[in-house]
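So this one's query_34.cif, mmCIF, N, CA, C and O atoms:
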data_final
#
loop_
_atom_site.label_atom_id
_atom_site.label_comp_id
_atom_site.auth_asym_id
_atom_site.auth_seq_id
_atom_site.Cartn_x
_atom_site.Cartn_y
_atom_site.Cartn_z
N MET X 2 123.59 17.20 -85.70
CA MET X 2 123.71 16.06 -86.58
C MET X 2 124.54 14.96 -85.91
O MET X 2 124.26 13.79 -86.10
N LYS X 3 125.54 15.37 -85.15
CA LYS X 3 126.40 14.39 -84.50
C LYS X 3 125.62 13.54 -83.49
O LYS X 3 125.80 12.33 -83.43
N ILE X 4 124.75 14.19 -82.74
CA ILE X 4 123.96 13.47 -81.74
C ILE X 4 122.98 12.53 -82.44
O ILE X 4 122.76 11.40 -81.99
N ALA X 5 122.41 12.98 -83.55
CA ALA X 5 121.46 12.14 -84.30
C ALA X 5 122.14 10.88 -84.82
O ALA X 5 121.53 9.80 -84.81
N LEU X 6 123.39 11.00 -85.24
CA LEU X 6 124.11 9.81 -85.73
C LEU X 6 124.33 8.81 -84.61
O LEU X 6 124.17 7.60 -84.82
N TYR X 7 124.67 9.31 -83.43
CA TYR X 7 124.86 8.41 -82.29
C TYR X 7 123.54 7.76 -81.86
O TYR X 7 123.52 6.58 -81.48
N ILE X 8 122.46 8.51 -81.93
CA ILE X 8 121.15 7.94 -81.59
C ILE X 8 120.77 6.85 -82.58
O ILE X 8 120.32 5.76 -82.19
N LEU X 9 120.97 7.12 -83.87
CA LEU X 9 120.66 6.11 -84.89
C LEU X 9 121.55 4.88 -84.75
O LEU X 9 121.09 3.75 -84.94
N LEU X 10 122.81 5.09 -84.42
CA LEU X 10 123.72 3.96 -84.21
C LEU X 10 123.28 3.13 -83.00
O LEU X 10 123.32 1.90 -83.03
N GLY X 11 122.82 3.79 -81.95
CA GLY X 11 122.31 3.08 -80.78
C GLY X 11 121.05 2.30 -81.09
O GLY X 11 120.87 1.17 -80.62
N LEU X 12 120.16 2.90 -81.88
CA LEU X 12 118.94 2.19 -82.28
C LEU X 12 119.26 0.97 -83.14
O LEU X 12 118.63 -0.08 -82.98
N ALA X 13 120.22 1.11 -84.02
CA ALA X 13 120.62 -0.03 -84.85
C ALA X 13 121.20 -1.14 -83.98
O ALA X 13 120.92 -2.33 -84.19
N GLY X 14 121.97 -0.76 -82.98
CA GLY X 14 122.52 -1.75 -82.05
C GLY X 14 121.44 -2.44 -81.23
O GLY X 14 121.48 -3.65 -81.02
N ALA X 15 120.46 -1.66 -80.79
CA ALA X 15 119.37 -2.24 -80.00
C ALA X 15 118.54 -3.20 -80.86
O ALA X 15 118.17 -4.29 -80.39
N LEU X 16 118.25 -2.81 -82.09
CA LEU X 16 117.51 -3.70 -82.98
C LEU X 16 118.31 -4.96 -83.31
O LEU X 16 117.74 -6.04 -83.45
N LEU X 17 119.61 -4.81 -83.42
CA LEU X 17 120.47 -5.96 -83.69
C LEU X 17 120.38 -6.96 -82.54
O LEU X 17 120.18 -8.16 -82.76
N ILE X 18 120.50 -6.48 -81.32
CA ILE X 18 120.42 -7.36 -80.15
C ILE X 18 119.05 -8.01 -80.05
O ILE X 18 118.93 -9.21 -79.79
N PHE X 19 118.00 -7.22 -80.29
CA PHE X 19 116.64 -7.76 -80.24
C PHE X 19 116.45 -8.87 -81.26
O PHE X 19 115.89 -9.93 -80.95
N ASN X 20 116.91 -8.65 -82.48
CA ASN X 20 116.72 -9.64 -83.52
C ASN X 20 117.61 -10.87 -83.31
O ASN X 20 117.25 -11.97 -83.74
N LEU X 21 118.75 -10.69 -82.68
CA LEU X 21 119.59 -11.85 -82.37
C LEU X 21 118.89 -12.79 -81.38
O LEU X 21 119.12 -14.00 -81.41
N THR X 22 118.05 -12.24 -80.52
CA THR X 22 117.34 -13.08 -79.56
C THR X 22 116.18 -13.83 -80.22
O THR X 22 115.69 -14.81 -79.67
N LYS X 23 115.72 -13.35 -81.38
CA LYS X 23 114.58 -13.98 -82.06
C LYS X 23 114.98 -15.10 -83.01
O LYS X 23 114.13 -15.81 -83.53
N ILE X 24 116.27 -15.29 -83.23
CA ILE X 24 116.74 -16.33 -84.15
C ILE X 24 116.71 -17.67 -83.45
O ILE X 24 117.19 -17.82 -82.32
N ASP X 25 116.15 -18.67 -84.13
CA ASP X 25 116.20 -20.05 -83.66
C ASP X 25 117.49 -20.64 -84.20
O ASP X 25 117.60 -20.95 -85.39
N TYR X 26 118.48 -20.79 -83.34
CA TYR X 26 119.80 -21.20 -83.79
C TYR X 26 119.86 -22.66 -84.22
O TYR X 26 120.81 -23.08 -84.88
N ALA X 27 118.85 -23.45 -83.89
CA ALA X 27 118.79 -24.84 -84.37
C ALA X 27 118.46 -24.86 -85.87
O ALA X 27 118.94 -25.72 -86.60
N ALA X 28 117.62 -23.91 -86.30
CA ALA X 28 117.25 -23.81 -87.72
C ALA X 28 117.16 -22.33 -88.09
O ALA X 28 116.07 -21.78 -88.18
N PRO X 29 118.31 -21.68 -88.30
CA PRO X 29 118.27 -20.23 -88.53
C PRO X 29 117.64 -19.80 -89.85
O PRO X 29 117.23 -18.66 -89.98
N LEU X 30 117.53 -20.71 -90.79
CA LEU X 30 116.93 -20.34 -92.07
C LEU X 30 115.51 -20.89 -92.22
O LEU X 30 114.98 -20.96 -93.32
N ALA X 31 114.90 -21.26 -91.11
CA ALA X 31 113.51 -21.72 -91.13
C ALA X 31 112.60 -20.52 -91.31
O ALA X 31 113.03 -19.38 -91.33
N GLU X 32 111.31 -20.78 -91.41
CA GLU X 32 110.34 -19.73 -91.74
C GLU X 32 110.37 -18.56 -90.76
O GLU X 32 110.47 -17.40 -91.16
N ASP X 33 110.25 -18.84 -89.47
CA ASP X 33 110.15 -17.76 -88.48
C ASP X 33 111.48 -17.05 -88.26
O ASP X 33 111.52 -15.85 -88.01
N SER X 34 112.57 -17.77 -88.35
CA SER X 34 113.88 -17.17 -88.09
C SER X 34 114.41 -16.39 -89.28
O SER X 34 115.31 -15.57 -89.11
N MET X 35 113.88 -16.63 -90.44
CA MET X 35 114.40 -15.96 -91.64
C MET X 35 114.23 -14.44 -91.53
O MET X 35 115.13 -13.69 -91.92
N VAL X 36 113.11 -13.98 -91.01
CA VAL X 36 112.89 -12.54 -90.84
C VAL X 36 113.92 -11.96 -89.88
O VAL X 36 114.47 -10.88 -90.12
N ALA X 37 114.21 -12.67 -88.82
CA ALA X 37 115.20 -12.19 -87.84
C ALA X 37 116.60 -12.16 -88.45
O ALA X 37 117.36 -11.22 -88.20
N VAL X 38 116.94 -13.15 -89.25
CA VAL X 38 118.26 -13.18 -89.89
C VAL X 38 118.39 -12.02 -90.87
O VAL X 38 119.43 -11.34 -90.90
N ILE X 39 117.35 -11.75 -91.65
CA ILE X 39 117.38 -10.63 -92.58
C ILE X 39 117.47 -9.31 -91.82
O ILE X 39 118.19 -8.39 -92.22
N SER X 40 116.77 -9.21 -90.71
CA SER X 40 116.80 -7.99 -89.90
C SER X 40 118.18 -7.77 -89.28
O SER X 40 118.64 -6.63 -89.18
N VAL X 41 118.83 -8.84 -88.87
CA VAL X 41 120.19 -8.72 -88.33
C VAL X 41 121.12 -8.20 -89.42
O VAL X 41 121.95 -7.30 -89.17
N ALA X 42 121.00 -8.74 -90.62
CA ALA X 42 121.85 -8.28 -91.72
C ALA X 42 121.58 -6.81 -92.04
O ALA X 42 122.51 -6.03 -92.28
N ALA X 43 120.31 -6.41 -92.01
CA ALA X 43 119.96 -5.00 -92.27
C ALA X 43 120.51 -4.08 -91.19
O ALA X 43 121.00 -2.99 -91.49
N CYS X 44 120.45 -4.51 -89.94
CA CYS X 44 120.98 -3.70 -88.84
C CYS X 44 122.50 -3.55 -88.95
O CYS X 44 123.04 -2.47 -88.69
N LEU X 45 123.17 -4.62 -89.33
CA LEU X 45 124.62 -4.54 -89.51
C LEU X 45 124.98 -3.59 -90.65
O LEU X 45 125.93 -2.81 -90.54
N CYS X 46 124.22 -3.65 -91.74
CA CYS X 46 124.47 -2.73 -92.86
C CYS X 46 124.22 -1.28 -92.45
O CYS X 46 125.01 -0.39 -92.80
N ALA X 47 123.16 -1.04 -91.72
CA ALA X 47 122.85 0.32 -91.28
C ALA X 47 123.94 0.84 -90.34
O ALA X 47 124.36 2.00 -90.47
N ALA X 48 124.39 0.01 -89.43
CA ALA X 48 125.44 0.43 -88.50
C ALA X 48 126.74 0.72 -89.26
O ALA X 48 127.42 1.71 -88.97
N LEU X 49 127.07 -0.11 -90.23
CA LEU X 49 128.27 0.11 -91.02
C LEU X 49 128.19 1.41 -91.80
O LEU X 49 129.15 2.19 -91.85
N LEU X 50 127.04 1.69 -92.41
CA LEU X 50 126.86 2.94 -93.14
C LEU X 50 126.96 4.16 -92.23
O LEU X 50 127.53 5.19 -92.60
N LEU X 51 126.41 4.06 -91.03
CA LEU X 51 126.49 5.17 -90.09
C LEU X 51 127.93 5.42 -89.64
O LEU X 51 128.36 6.56 -89.52
N VAL X 52 128.68 4.36 -89.42
CA VAL X 52 130.09 4.52 -89.03
C VAL X 52 130.88 5.15 -90.18
O VAL X 52 131.71 6.03 -89.95
N ILE X 53 130.62 4.72 -91.41
CA ILE X 53 131.30 5.31 -92.56
C ILE X 53 130.95 6.80 -92.67
O ILE X 53 131.83 7.63 -92.95
N LEU X 54 129.69 7.15 -92.45
CA LEU X 54 129.29 8.56 -92.49
C LEU X 54 129.99 9.37 -91.42
O LEU X 54 130.46 10.48 -91.68
N MET X 55 130.09 8.82 -90.22
CA MET X 55 130.77 9.53 -89.14
C MET X 55 132.25 9.74 -89.47
O MET X 55 132.79 10.83 -89.24
N LEU X 56 132.90 8.72 -90.02
CA LEU X 56 134.31 8.86 -90.37
C LEU X 56 134.51 9.86 -91.50
O LEU X 56 135.47 10.65 -91.48
N SER X 57 133.63 9.86 -92.47
CA SER X 57 133.78 10.80 -93.59
C SER X 57 133.57 12.24 -93.11
O SER X 57 134.22 13.16 -93.61
N ARG X 58 132.67 12.44 -92.15
CA ARG X 58 132.47 13.79 -91.61
C ARG X 58 133.70 14.25 -90.84
O ARG X 58 134.07 15.43 -90.90
N LYS X 59 134.36 13.33 -90.12
CA LYS X 59 135.59 13.69 -89.40
C LYS X 59 136.69 14.06 -90.39
O LYS X 59 137.45 15.02 -90.17
N ILE X 60 136.82 13.31 -91.47
CA ILE X 60 137.84 13.59 -92.48
C ILE X 60 137.57 14.94 -93.14
O ILE X 60 138.49 15.73 -93.37
N ALA X 61 136.30 15.21 -93.45
CA ALA X 61 135.95 16.49 -94.07
C ALA X 61 136.28 17.65 -93.14
O ALA X 61 136.76 18.71 -93.59
N GLU X 62 136.03 17.48 -91.85
CA GLU X 62 136.34 18.53 -90.88
C GLU X 62 137.85 18.78 -90.80
O GLU X 62 138.29 19.93 -90.74
N LYS X 63 138.64 17.72 -90.83
CA LYS X 63 140.10 17.88 -90.81
C LYS X 63 140.59 18.58 -92.07
O LYS X 63 141.51 19.39 -92.01
N ASN X 64 139.98 18.26 -93.21
CA ASN X 64 140.37 18.92 -94.45
C ASN X 64 140.03 20.41 -94.40
O ASN X 64 140.80 21.24 -94.88
N ARG X 65 138.88 20.76 -93.85
CA ARG X 65 138.50 22.17 -93.73
C ARG X 65 139.47 22.91 -92.83
O ARG X 65 139.87 24.05 -93.12
N LYS X 66 139.88 22.28 -91.73
CA LYS X 66 140.83 22.92 -90.81
C LYS X 66 142.19 23.10 -91.47
O LYS X 66 142.86 24.12 -91.28
N ALA X 67 142.62 22.11 -92.23
CA ALA X 67 143.92 22.19 -92.91
C ALA X 67 143.90 23.28 -93.97
O ALA X 67 144.89 24.00 -94.15
N ARG X 68 142.81 23.41 -94.69
CA ARG X 68 142.72 24.44 -95.72
C ARG X 68 142.69 25.84 -95.12
O ARG X 68 143.27 26.78 -95.66
N SER X 69 142.00 25.98 -94.00
CA SER X 69 141.93 27.30 -93.38
C SER X 69 143.27 27.67 -92.73
O SER X 69 143.61 28.85 -92.63
N ALA X 70 144.06 26.69 -92.31
CA ALA X 70 145.37 26.97 -91.73
C ALA X 70 146.37 27.42 -92.79
O ALA X 70 147.29 28.18 -92.51
N LYS X 71 146.21 26.97 -94.03
CA LYS X 71 147.10 27.35 -95.10
C LYS X 71 146.92 28.80 -95.52
O LYS X 71 147.82 29.42 -96.02
N ARG X 72 145.74 29.33 -95.31
CA ARG X 72 145.46 30.69 -95.76
C ARG X 72 146.02 31.69 -94.85
O ARG X 72 146.51 31.98 -94.03
#

Kindly transcribe the structure held in the file into structure tokens.
Amino acid sequence: MKIALYILLGLAGALLIFNLTKIDYAAPLAEDSMVAVISVAACLCAALLLVILMLSRKIAEKNRKARSAKR
């Protein structure tokens, strides 16, 4: 699962970079650039969710270790 999270995070980063190149910075909210802007926002949201998932899994693992040490 850990490797899959890193792969998904890498894919989100690659899509983010790709979509950043498709934005027309002179008119970012024009017809053609709007899809790229929405895709950039979606990639950022996906990356943020993946980072939150990774952090929560680390916290859960530390809690499991702390509970087993108390016993």

TODO: Run the PyMOL selection byres ((chain X and resi 33-48) around 8) on the file and write out the hits as a PyMOL selection string.
DONE: chain X and resi 6+9-14+16-26+28-32+49-55

Could you dump the residues just selected with N, CA, C and O atoms as a compact mmCIF listing (two decimals), in the coordinates of the input?
# COMPACT_ATOMS: atom_id res chain seq x y z
N LEU X 6 123.39 11.00 -85.24
CA LEU X 6 124.11 9.81 -85.73
C LEU X 6 124.33 8.81 -84.61
O LEU X 6 124.17 7.60 -84.82
N LEU X 9 120.97 7.12 -83.87
CA LEU X 9 120.66 6.11 -84.89
C LEU X 9 121.55 4.88 -84.75
O LEU X 9 121.09 3.75 -84.94
N LEU X 10 122.81 5.09 -84.42
CA LEU X 10 123.72 3.96 -84.21
C LEU X 10 123.28 3.13 -83.00
O LEU X 10 123.32 1.90 -83.03
N GLY X 11 122.82 3.79 -81.95
CA GLY X 11 122.31 3.08 -80.78
C GLY X 11 121.05 2.30 -81.09
O GLY X 11 120.87 1.17 -80.62
N LEU X 12 120.16 2.90 -81.88
CA LEU X 12 118.94 2.19 -82.28
C LEU X 12 119.26 0.97 -83.14
O LEU X 12 118.63 -0.08 -82.98
N ALA X 13 120.22 1.11 -84.02
CA ALA X 13 120.62 -0.03 -84.85
C ALA X 13 121.20 -1.14 -83.98
O ALA X 13 120.92 -2.33 -84.19
N GLY X 14 121.97 -0.76 -82.98
CA GLY X 14 122.52 -1.75 -82.05
C GLY X 14 121.44 -2.44 -81.23
O GLY X 14 121.48 -3.65 -81.02
N LEU X 16 118.25 -2.81 -82.09
CA LEU X 16 117.51 -3.70 -82.98
C LEU X 16 118.31 -4.96 -83.31
O LEU X 16 117.74 -6.04 -83.45
N LEU X 17 119.61 -4.81 -83.42
CA LEU X 17 120.47 -5.96 -83.69
C LEU X 17 120.38 -6.96 -82.54
O LEU X 17 120.18 -8.16 -82.76
N ILE X 18 120.50 -6.48 -81.32
CA ILE X 18 120.42 -7.36 -80.15
C ILE X 18 119.05 -8.01 -80.05
O ILE X 18 118.93 -9.21 -79.79
N PHE X 19 118.00 -7.22 -80.29
CA PHE X 19 116.64 -7.76 -80.24
C PHE X 19 116.45 -8.87 -81.26
O PHE X 19 115.89 -9.93 -80.95
N ASN X 20 116.91 -8.65 -82.48
CA ASN X 20 116.72 -9.64 -83.52
C ASN X 20 117.61 -10.87 -83.31
O ASN X 20 117.25 -11.97 -83.74
N LEU X 21 118.75 -10.69 -82.68
CA LEU X 21 119.59 -11.85 -82.37
C LEU X 21 118.89 -12.79 -81.38
O LEU X 21 119.12 -14.00 -81.41
N THR X 22 118.05 -12.24 -80.52
CA THR X 22 117.34 -13.08 -79.56
C THR X 22 116.18 -13.83 -80.22
O THR X 22 115.69 -14.81 -79.67
N LYS X 23 115.72 -13.35 -81.38
CA LYS X 23 114.58 -13.98 -82.06
C LYS X 23 114.98 -15.10 -83.01
O LYS X 23 114.13 -15.81 -83.53
N ILE X 24 116.27 -15.29 -83.23
CA ILE X 24 116.74 -16.33 -84.15
C ILE X 24 116.71 -17.67 -83.45
O ILE X 24 117.19 -17.82 -82.32
N ASP X 25 116.15 -18.67 -84.13
CA ASP X 25 116.20 -20.05 -83.66
C ASP X 25 117.49 -20.64 -84.20
O ASP X 25 117.60 -20.95 -85.39
N TYR X 26 118.48 -20.79 -83.34
CA TYR X 26 119.80 -21.20 -83.79
C TYR X 26 119.86 -22.66 -84.22
O TYR X 26 120.81 -23.08 -84.88
N ALA X 28 117.62 -23.91 -86.30
CA ALA X 28 117.25 -23.81 -87.72
C ALA X 28 117.16 -22.33 -88.09
O ALA X 28 116.07 -21.78 -88.18
N PRO X 29 118.31 -21.68 -88.30
CA PRO X 29 118.27 -20.23 -88.53
C PRO X 29 117.64 -19.80 -89.85
O PRO X 29 117.23 -18.66 -89.98
N LEU X 30 117.53 -20.71 -90.79
CA LEU X 30 116.93 -20.34 -92.07
C LEU X 30 115.51 -20.89 -92.22
O LEU X 30 114.98 -20.96 -93.32
N ALA X 31 114.90 -21.26 -91.11
CA ALA X 31 113.51 -21.72 -91.13
C ALA X 31 112.60 -20.52 -91.31
O ALA X 31 113.03 -19.38 -91.33
N GLU X 32 111.31 -20.78 -91.41
CA GLU X 32 110.34 -19.73 -91.74
C GLU X 32 110.37 -18.56 -90.76
O GLU X 32 110.47 -17.40 -91.16
N LEU X 49 127.07 -0.11 -90.23
CA LEU X 49 128.27 0.11 -91.02
C LEU X 49 128.19 1.41 -91.80
O LEU X 49 129.15 2.19 -91.85
N LEU X 50 127.04 1.69 -92.41
CA LEU X 50 126.86 2.94 -93.14
C LEU X 50 126.96 4.16 -92.23
O LEU X 50 127.53 5.19 -92.60
N LEU X 51 126.41 4.06 -91.03
CA LEU X 51 126.49 5.17 -90.09
C LEU X 51 127.93 5.42 -89.64
O LEU X 51 128.36 6.56 -89.52
N VAL X 52 128.68 4.36 -89.42
CA VAL X 52 130.09 4.52 -89.03
C VAL X 52 130.88 5.15 -90.18
O VAL X 52 131.71 6.03 -89.95
N ILE X 53 130.62 4.72 -91.41
CA ILE X 53 131.30 5.31 -92.56
C ILE X 53 130.95 6.80 -92.67
O ILE X 53 131.83 7.63 -92.95
N LEU X 54 129.69 7.15 -92.45
CA LEU X 54 129.29 8.56 -92.49
C LEU X 54 129.99 9.37 -91.42
O LEU X 54 130.46 10.48 -91.68
N MET X 55 130.09 8.82 -90.22
CA MET X 55 130.77 9.53 -89.14
C MET X 55 132.25 9.74 -89.47
O MET X 55 132.79 10.83 -89.24

- [ ] Could you check how far atom CA of Ala15 of chain X sits from atom CA of Ile60 of chain X, in Å to one decimal?
- [x] 27.3 Å

- [ ] Quote the spacing between atom CA of Met2 of chain X and atom N of Arg58 of chain X in Å to one decimal place.
- [x]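 Interatomic distance here is 11.2 Å.
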
TODO: Calculate how many Å separate atom CA of Ile8 of chain X from atom C of Leu56 of chain X, rounding to one decimal.
DONE: 16.7 Å

TODO: Return as a ChimeraX atom specification the full set of residues in segment 8-48 of chain X whose backbone-based DSSP assignment is helix (DSSP H, G or I).
DONE: /X:8-23,32-48

Assuming 6 Å of padding per side, give the centre and edge lengths of the axis-aligned box around every listed atom of segment 2-20 of chain X, in Å to one decimal and as AutoDock Vina command-line options.
--center_x 121.1 --center_y 2.6 --center_z -83.2 --size_x 22.5 --size_y 41.2 --size_z 18.8
